[in-house]
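K.L.:
So that you have it, the file is entry-v3.txt, and it contains compact mmCIF, C-alpha atoms (C1' of nucleotides):
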# COMPACT_ATOMS: atom_id res chain seq x y z
CA MET A 16 -12.36 19.29 -5.04
CA ARG A 17 -10.30 16.15 -5.21
CA LEU A 18 -11.12 12.82 -6.72
CA LEU A 19 -11.69 9.71 -4.72
CA SER A 20 -8.47 7.79 -4.29
CA ARG A 21 -8.26 4.59 -6.23
CA SER A 22 -8.81 2.37 -3.22
CA GLU A 23 -11.77 4.47 -2.13
CA GLU A 24 -13.29 4.04 -5.56
CA TYR A 25 -12.82 0.29 -5.55
CA VAL A 26 -14.15 -0.06 -2.01
CA LEU A 27 -17.32 1.87 -2.89
CA LEU A 28 -17.77 -0.21 -6.01
CA ALA A 29 -17.32 -3.44 -4.10
CA VAL A 30 -19.87 -2.38 -1.48
CA TRP A 31 -22.32 -1.56 -4.21
CA ARG A 32 -21.70 -4.88 -5.90
CA LEU A 33 -21.94 -6.97 -2.72
CA GLN A 34 -25.35 -5.55 -1.87
CA GLY A 35 -26.05 -6.31 1.79
CA ASN A 36 -23.13 -8.68 2.19
CA ALA A 37 -20.35 -6.12 2.21
CA TYR A 38 -17.93 -6.49 5.10
CA THR A 39 -14.17 -6.12 5.33
CA LEU A 40 -13.26 -9.59 4.08
CA SER A 41 -15.86 -9.90 1.36
CA ILE A 42 -14.88 -6.46 0.08
CA LEU A 43 -11.26 -7.55 0.08
CA ASP A 44 -12.09 -10.64 -1.97
CA GLN A 45 -14.27 -8.69 -4.38
CA ILE A 46 -11.55 -6.18 -5.10
CA SER A 47 -8.89 -8.86 -5.43
CA GLU A 48 -11.08 -10.67 -7.92
CA VAL A 49 -11.88 -7.58 -9.94
CA THR A 50 -8.32 -6.29 -10.12
CA GLY A 51 -6.70 -9.66 -10.58
CA TYR A 52 -4.29 -9.63 -7.68
CA GLN A 53 -4.51 -10.26 -3.95
CA TRP A 54 -5.08 -7.14 -1.88
CA GLN A 55 -4.08 -6.98 1.76
CA ILE A 56 -6.53 -6.14 4.47
CA GLY A 57 -4.98 -2.84 5.48
CA ALA A 58 -5.55 -1.66 1.94
CA ILE A 59 -9.27 -1.98 2.64
CA TYR A 60 -9.66 -1.12 6.27
CA VAL A 61 -8.17 2.34 6.12
CA PRO A 62 -10.22 3.63 3.17
CA LEU A 63 -13.31 1.94 4.61
CA GLU A 64 -13.02 3.99 7.77
CA LYS A 65 -12.29 7.09 5.77
CA LEU A 66 -15.34 6.62 3.60
CA ARG A 67 -17.45 6.06 6.69
CA LYS A 68 -16.18 9.26 8.28
CA LYS A 69 -16.90 11.16 5.09
CA GLY A 70 -20.45 9.84 5.17
CA TYR A 71 -20.20 7.74 2.02
CA LEU A 72 -20.74 4.46 3.85
CA LYS A 73 -22.95 3.41 6.74
CA LYS A 74 -21.64 0.70 9.07
CA LYS A 75 -23.83 -1.61 11.10
CA LYS A 76 -23.35 -4.72 13.17
CA GLY A 77 -24.28 -7.89 11.30
CA ASP A 78 -26.66 -10.61 12.41
CA PRO A 79 -25.67 -11.95 15.84
CA THR A 80 -26.29 -15.55 14.78
CA PRO A 81 -23.61 -16.84 12.45
CA GLU A 82 -23.93 -20.51 11.61
CA ARG A 83 -20.38 -21.50 12.37
CA GLY A 84 -17.58 -20.08 14.51
CA GLY A 85 -16.20 -16.64 13.96
CA ARG A 86 -17.16 -13.25 15.25
CA SER A 87 -20.01 -11.31 13.74
CA LYS A 88 -19.48 -9.01 10.81
CA PHE A 89 -19.78 -5.31 10.42
CA LEU A 90 -21.75 -4.67 7.28
CA TYR A 91 -21.39 -1.61 5.11
CA GLU A 92 -23.83 0.03 2.78
CA LEU A 93 -23.73 3.02 0.48
CA THR A 94 -25.34 6.27 1.55
CA ASP A 95 -26.80 8.78 -0.89
CA LEU A 96 -23.54 10.68 -0.64
CA GLY A 97 -21.61 7.53 -1.52
CA ARG A 98 -23.76 6.93 -4.56
CA LYS A 99 -23.22 10.53 -5.60
CA ALA A 100 -19.44 10.14 -5.27
CA LEU A 101 -19.52 7.03 -7.45
CA ARG A 102 -21.56 8.83 -10.03
CA GLU A 103 -19.05 11.68 -10.10
CA ILE A 104 -15.95 9.56 -10.45
CA LYS A 105 -17.68 7.58 -13.16
CA GLU A 106 -18.27 10.73 -15.14
CA VAL A 107 -14.68 11.88 -14.79
CA GLN A 108 -13.47 8.50 -15.94
CA GLU A 109 -15.74 8.40 -18.91
CA THR A 110 -14.44 11.80 -19.94
CA ALA A 111 -10.83 10.77 -19.43
CA TRP A 112 -11.23 7.59 -21.43
CA ALA A 113 -13.59 8.91 -24.09
CA GLY A 114 -12.46 8.08 -27.59
CA ILE A 115 -10.06 5.32 -26.67
CA SER A 116 -10.86 2.23 -28.68
CA LYS A 117 -9.21 -1.08 -29.42
CA ILE A 118 -8.04 0.39 -32.70
CA THR A 119 -6.08 3.03 -30.88
CA PHE A 120 -3.98 0.35 -29.30
CA ASP A 121 -2.98 -1.56 -32.40
CA MET B 162 1.32 -7.01 -9.96
CA ARG B 163 0.02 -3.63 -8.92
CA LEU B 164 -2.23 -1.24 -10.73
CA LEU B 165 -1.08 2.05 -12.11
CA SER B 166 -1.64 4.79 -9.60
CA ARG B 167 -4.38 7.20 -10.47
CA SER B 168 -2.03 9.98 -11.51
CA GLU B 169 -0.01 7.57 -13.65
CA GLU B 170 -3.18 6.52 -15.40
CA TYR B 171 -4.24 10.09 -16.08
CA VAL B 172 -0.80 11.09 -17.28
CA LEU B 173 -0.66 8.21 -19.74
CA LEU B 174 -4.12 9.05 -20.97
CA ALA B 175 -3.24 12.70 -21.42
CA VAL B 176 -0.11 11.82 -23.38
CA TRP B 177 -2.15 9.58 -25.62
CA ARG B 178 -4.74 12.28 -26.13
CA LEU B 179 -2.24 15.07 -26.82
CA GLN B 180 -0.56 13.09 -29.58
CA GLY B 181 2.81 14.68 -30.27
CA ASN B 182 2.14 17.76 -28.20
CA ALA B 183 2.46 16.19 -24.76
CA TYR B 184 4.78 18.05 -22.42
CA THR B 185 4.58 18.83 -18.73
CA LEU B 186 2.34 21.87 -18.98
CA SER B 187 0.01 20.62 -21.69
CA ILE B 188 -0.42 17.36 -19.78
CA LEU B 189 -1.22 19.36 -16.67
CA ASP B 190 -3.87 21.35 -18.50
CA GLN B 191 -5.36 18.24 -20.12
CA ILE B 192 -5.74 16.47 -16.80
CA SER B 193 -7.15 19.55 -15.12
CA GLU B 194 -9.71 19.87 -17.87
CA VAL B 195 -10.70 16.22 -17.80
CA THR B 196 -11.01 15.97 -14.03
CA GLY B 197 -12.59 19.35 -13.53
CA TYR B 198 -10.13 20.85 -11.07
CA GLN B 199 -6.72 22.46 -11.26
CA TRP B 200 -3.82 20.07 -10.76
CA GLN B 201 -0.45 21.28 -9.56
CA ILE B 202 2.70 20.68 -11.50
CA GLY B 203 4.30 18.41 -8.93
CA ALA B 204 1.35 16.10 -9.37
CA ILE B 205 2.46 15.59 -12.97
CA TYR B 206 6.19 15.79 -12.88
CA VAL B 207 6.76 12.99 -10.41
CA PRO B 208 4.58 10.36 -12.12
CA LEU B 209 5.94 11.48 -15.50
CA GLU B 210 9.46 10.65 -14.44
CA LYS B 211 8.29 7.39 -12.92
CA LEU B 212 6.52 6.36 -16.08
CA ARG B 213 9.61 7.20 -18.08
CA LYS B 214 11.80 5.10 -15.82
CA LYS B 215 9.38 2.20 -16.10
CA GLY B 216 9.59 2.46 -19.86
CA TYR B 217 6.00 3.51 -20.44
CA LEU B 218 6.93 6.89 -21.86
CA LYS B 219 9.71 8.12 -24.12
CA LYS B 220 11.02 11.64 -23.58
CA LYS B 221 12.64 13.77 -26.24
CA LYS B 222 13.69 17.34 -26.61
CA GLY B 223 11.18 19.41 -28.55
CA ASP B 224 11.87 21.57 -31.56
CA PRO B 225 14.65 24.08 -30.82
CA THR B 226 12.77 26.88 -32.57
CA PRO B 227 9.81 28.09 -30.52
CA GLU B 228 8.09 31.11 -31.99
CA ARG B 229 8.16 33.29 -28.91
CA GLY B 230 10.17 33.38 -25.71
CA GLY B 231 10.33 30.44 -23.38
CA ARG B 232 12.60 27.46 -23.21
CA SER B 233 12.05 24.44 -25.41
CA LYS B 234 9.78 21.64 -24.35
CA PHE B 235 10.45 18.04 -23.55
CA LEU B 236 7.89 16.00 -25.40
CA TYR B 237 6.59 12.66 -24.24
CA GLU B 238 5.14 9.80 -26.19
CA LEU B 239 3.74 6.39 -25.31
CA THR B 240 5.87 3.31 -25.79
CA ASP B 241 4.43 -0.12 -26.55
CA LEU B 242 4.72 -0.88 -22.84
CA GLY B 243 2.77 2.26 -22.04
CA ARG B 244 0.01 1.31 -24.43
CA LYS B 245 -0.09 -2.15 -22.87
CA ALA B 246 -0.41 -0.65 -19.38
CA LEU B 247 -3.30 1.52 -20.53
CA ARG B 248 -5.00 -1.47 -22.09
CA GLU B 249 -4.66 -3.40 -18.83
CA ILE B 250 -5.99 -0.72 -16.53
CA LYS B 251 -8.86 -0.19 -18.94
CA GLU B 252 -9.81 -3.83 -18.65
CA VAL B 253 -9.66 -3.79 -14.87
CA GLN B 254 -11.84 -0.72 -14.79
CA GLU B 255 -14.37 -2.14 -17.15
CA THR B 256 -14.62 -5.21 -14.95
CA ALA B 257 -14.91 -3.14 -11.80
CA TRP B 258 -17.63 -0.94 -13.23
CA ALA B 259 -19.48 -3.59 -15.21
CA GLY B 260 -23.19 -3.60 -14.57
CA ILE B 261 -23.41 -0.15 -13.07
CA SER B 262 -26.07 1.81 -14.88
CA LYS B 263 -27.92 5.04 -14.37
CA ILE B 264 -30.79 3.02 -12.98
CA THR B 265 -28.61 1.72 -10.19
CA PHE B 266 -28.16 5.23 -8.94
CA ASP B 267 -31.79 6.29 -8.80
C1' DG C 94 22.36 42.74 -21.31
C1' DT C 95 18.12 42.64 -18.92
C1' DA C 96 13.05 41.97 -18.88
C1' DT C 97 9.60 38.77 -20.20
C1' DT C 98 7.90 34.39 -21.32
C1' DT C 99 7.63 29.56 -21.21
C1' DG C 100 8.99 25.61 -19.31
C1' DT C 101 11.51 22.14 -16.08
C1' DT C 102 13.15 20.51 -11.68
C1' DT C 103 13.52 20.30 -6.72
C1' DT C 104 12.01 20.17 -2.06
C1' DA C 105 9.09 19.78 1.95
C1' DT C 106 4.99 18.05 3.61
C1' DA C 107 0.63 15.54 3.62
C1' DA C 108 -2.11 11.76 2.27
C1' DT C 109 -2.48 6.88 0.65
C1' DA C 110 -1.10 2.24 0.14
C1' DT C 111 1.20 -1.96 1.78
C1' DT C 112 2.47 -5.49 4.86
C1' DA C 113 2.38 -7.95 8.88
C1' DA C 114 0.84 -8.80 13.24
C1' DA C 115 -2.15 -8.21 17.15
C1' DC C 116 -6.58 -8.41 18.99
C1' DA C 117 -11.67 -9.97 19.54
C1' DA C 118 -15.76 -12.71 19.50
C1' DA C 119 -18.18 -16.57 18.09
C1' DT C 120 -18.71 -21.95 17.87
C1' DA C 121 -17.39 -26.78 18.85
C1' DC C 122 -16.33 -30.25 21.59
C1' DA C 123 -13.50 -32.59 25.29
C1' DT D 43 -15.99 -25.05 31.99
C1' DG D 44 -12.03 -24.22 29.07
C1' DT D 45 -9.29 -24.34 25.15
C1' DA D 46 -8.85 -25.04 20.09
C1' DT D 47 -10.62 -23.43 15.84
C1' DT D 48 -12.72 -20.24 12.91
C1' DT D 49 -13.94 -15.85 11.27
C1' DG D 50 -13.45 -11.33 11.55
C1' DT D 51 -11.66 -6.45 13.02
C1' DT D 52 -8.16 -3.20 14.34
C1' DT D 53 -3.58 -1.29 14.86
C1' DA D 54 0.98 -0.02 13.71
C1' DA D 55 5.19 0.52 11.01
C1' DT D 56 6.90 1.53 6.61
C1' DA D 57 6.89 2.67 1.76
C1' DT D 58 4.90 4.98 -1.99
C1' DT D 59 2.13 8.80 -4.05
C1' DA D 60 0.16 13.25 -4.14
C1' DT D 61 0.19 18.26 -3.19
C1' DA D 62 1.89 22.85 -3.01
C1' DA D 63 5.14 26.21 -3.48
C1' DA D 64 9.33 27.84 -4.93
C1' DA D 65 13.66 27.63 -7.38
C1' DC D 66 15.97 27.13 -11.55
C1' DA D 67 16.78 27.29 -16.85
C1' DA D 68 16.60 28.63 -21.57
C1' DA D 69 14.55 31.01 -25.16
C1' DT D 70 12.99 35.69 -27.38
C1' DA D 71 12.47 40.73 -27.63
C1' DC D 72 14.06 45.13 -27.47
Could you rewrite the structure in this file as structure tokens?

P.N.:
Amino acid sequence: MRLLSRSEEYVLLAVWRLQGNAYTLSILDQISEVTGYQWQIGAIYVPLEKLRKKGYLKKKKGDPTPERGGRSKFLYELTDLGRKALREIKEVQETAWAGISKITFD
Amino acid sequence: MRLLSRSEEYVLLAVWRLQGNAYTLSILDQISEVTGYQWQIGAIYVPLEKLRKKGYLKKKKGDPTPERGGRSKFLYELTDLGRKALREIKEVQETAWAGISKITFD
DNA sequence: GTATTTGTTTTATAATATTAAACAAATACA
DNA sequence: TGTATTTGTTTAATATTATAAAACAAATAC
């Protein structure tokens, strides 16, 4: 049983955080904001598709009536499996980081 | 500016945690324990060397007097740069995960 | 001096990440 | 209409990381 890759983790987290407004570009911006540097779109698209195929994300066509130009979005949302995967990686990370405090770093 | 890869992160953390007894095999065991599945040695050795080359880890020959058979270890320890890298990835992760609670998952 | 133990290093392959560009569909407005 | 603009998705080429298995090295014991 392998861990989620780092980009998979961040994509799932961004989808969770964007609640109902998660699509390729908004996910990209979310992750760039959170990590502090600009991610490229391929870094999102590939794991997105992978997560969908694994059943962690559900993809559906967005509203067909955008207010300005531009094609319609594909929105993503977490499935139960996706939530479970997040829960698991969170636990692993808490174990890995347990005990590390600011003091440790001085 | 890129993030540490996941294996780099876990190797740094293991070295920190093993304080003075961090060498390839003990790091491998630490990470396997923390993540809950058996890692292979190549998954450690490569990032170890990379972290050393980046100046995050210092490598030194272990005591030349092991008690039983077996060659002597190479011990690793964190440098200031390594501690800084850990601090940074910790901050990114705290930002990424901020607000996620048990309730969110129910 | 050779078997056993402990540990490091290499190599081949698979999976992920990165970058850049191509492609698609919607609106606006001449 | 029809073409420019905007917003968004998808593909493709390359580089970097991860995985697995095996080879290599150095120490002790007897």

K.L.:
Considering all atoms listed in the file, can you say which of B:Leu186, B:Ile250, B:Leu212, B:Ile192 comes closest to chain C?

P.N.:
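The answer is B:Leu186, which sits nearest to chain C.
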
K.L.:
Quick one: distance from atom CA of A:Leu63 to atom CA of B:Glu169 in Å, one decimal?

P.N.:
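Value for the atom CA of A:Leu63-atom CA of B:Glu169 distance: 23.3 Å.
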
K.L.:
Distance table requested - chain D against chain A, cut-off 6 Å, all atoms listed in the file: one row per qualifying residue with the closest atom pair and its distance in Å to one decimal, ordered by chain and rising residue number, as JSON lines.

P.N.:
{"residue": "D:DT48", "atom": "C1'", "partner": "A:Gly85", "partner_atom": "CA", "distance": 5.1}
{"residue": "D:DT49", "atom": "C1'", "partner": "A:Gly85", "partner_atom": "CA", "distance": 3.6}
{"residue": "D:DG50", "atom": "C1'", "partner": "A:Arg86", "partner_atom": "CA", "distance": 5.6}

K.L.:
Can I get the residues of chain A within 7 Å of chain B, each with the closest pair of atoms and their distance in Å to one decimal, using all atoms listed in the file, sorted chain first then ascending number, as a Markdown table?

P.N.:
| residue | atom | partner | partner_atom | distance |
| --- | --- | --- | --- | --- |
| A:Met16 | CA | B:Tyr198 | CA | 6.6 |
| A:Arg21 | CA | B:Arg167 | CA | 6.3 |
| A:Val49 | CA | B:Ala257 | CA | 5.7 |
| A:Thr50 | CA | B:Val253 | CA | 5.5 |
| A:Tyr52 | CA | B:Met162 | CA | 6.6 |
| A:Arg98 | CA | B:Phe266 | CA | 6.4 |
| A:Val107 | CA | B:Thr196 | CA | 5.5 |
| A:Thr110 | CA | B:Val195 | CA | 6.2 |
| A:Ala111 | CA | B:Val195 | CA | 5.7 |
| A:Phe120 | CA | B:Arg244 | CA | 6.4 |

K.L.:
Given the selection you just returned, output its residues as a file containing C-alpha atoms, formatted as a PDB file, in the coordinates of the input.

P.N.:
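Output (out09.pdb):
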ATOM      1  CA  MET A  16     -12.360  19.290  -5.040  1.00  0.00           C
ATOM      2  CA  ARG A  21      -8.260   4.590  -6.230  1.00  0.00           C
ATOM      3  CA  VAL A  49     -11.880  -7.580  -9.940  1.00  0.00           C
ATOM      4  CA  THR A  50      -8.320  -6.290 -10.120  1.00  0.00           C
ATOM      5  CA  TYR A  52      -4.290  -9.630  -7.680  1.00  0.00           C
ATOM      6  CA  ARG A  98     -23.760   6.930  -4.560  1.00  0.00           C
ATOM      7  CA  VAL A 107     -14.680  11.880 -14.790  1.00  0.00           C
ATOM      8  CA  THR A 110     -14.440  11.800 -19.940  1.00  0.00           C
ATOM      9  CA  ALA A 111     -10.830  10.770 -19.430  1.00  0.00           C
ATOM     10  CA  PHE A 120      -3.980   0.350 -29.300  1.00  0.00           C
TER      11      PHE A 120
END

K.L.:
Do you have, as a Markdown table, the list of residues of chain C lying at most 8 Å from chain B, each with its nearest atom pair and that distance in Å to one decimal, counting all atoms listed in the file and ordered by chain then number?

P.N.:
| residue | atom | partner | partner_atom | distance |
| --- | --- | --- | --- | --- |
| C:DT97 | C1' | B:Gly230 | CA | 7.7 |
| C:DT98 | C1' | B:Gly230 | CA | 5.0 |
| C:DT99 | C1' | B:Gly231 | CA | 3.6 |
| C:DG100 | C1' | B:Arg232 | CA | 5.6 |

K.L.:
Taking C-alpha atoms (C1' of nucleotides) for each residue, export the selection above as a PDB file, in the coordinates of the input.

P.N.:
ATOM      1  C1'  DT C  97       9.600  38.770 -20.200  1.00  0.00           C
ATOM      2  C1'  DT C  98       7.900  34.390 -21.320  1.00  0.00           C
ATOM      3  C1'  DT C  99       7.630  29.560 -21.210  1.00  0.00           C
ATOM      4  C1'  DG C 100       8.990  25.610 -19.310  1.00  0.00           C
TER       5       DG C 100
END

K.L.:
So how many Å separate atom CA of B:Asp224 and atom CA of B:Ser193, to one decimal?

P.N.:
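These two atoms are separated by 25.2 Å.
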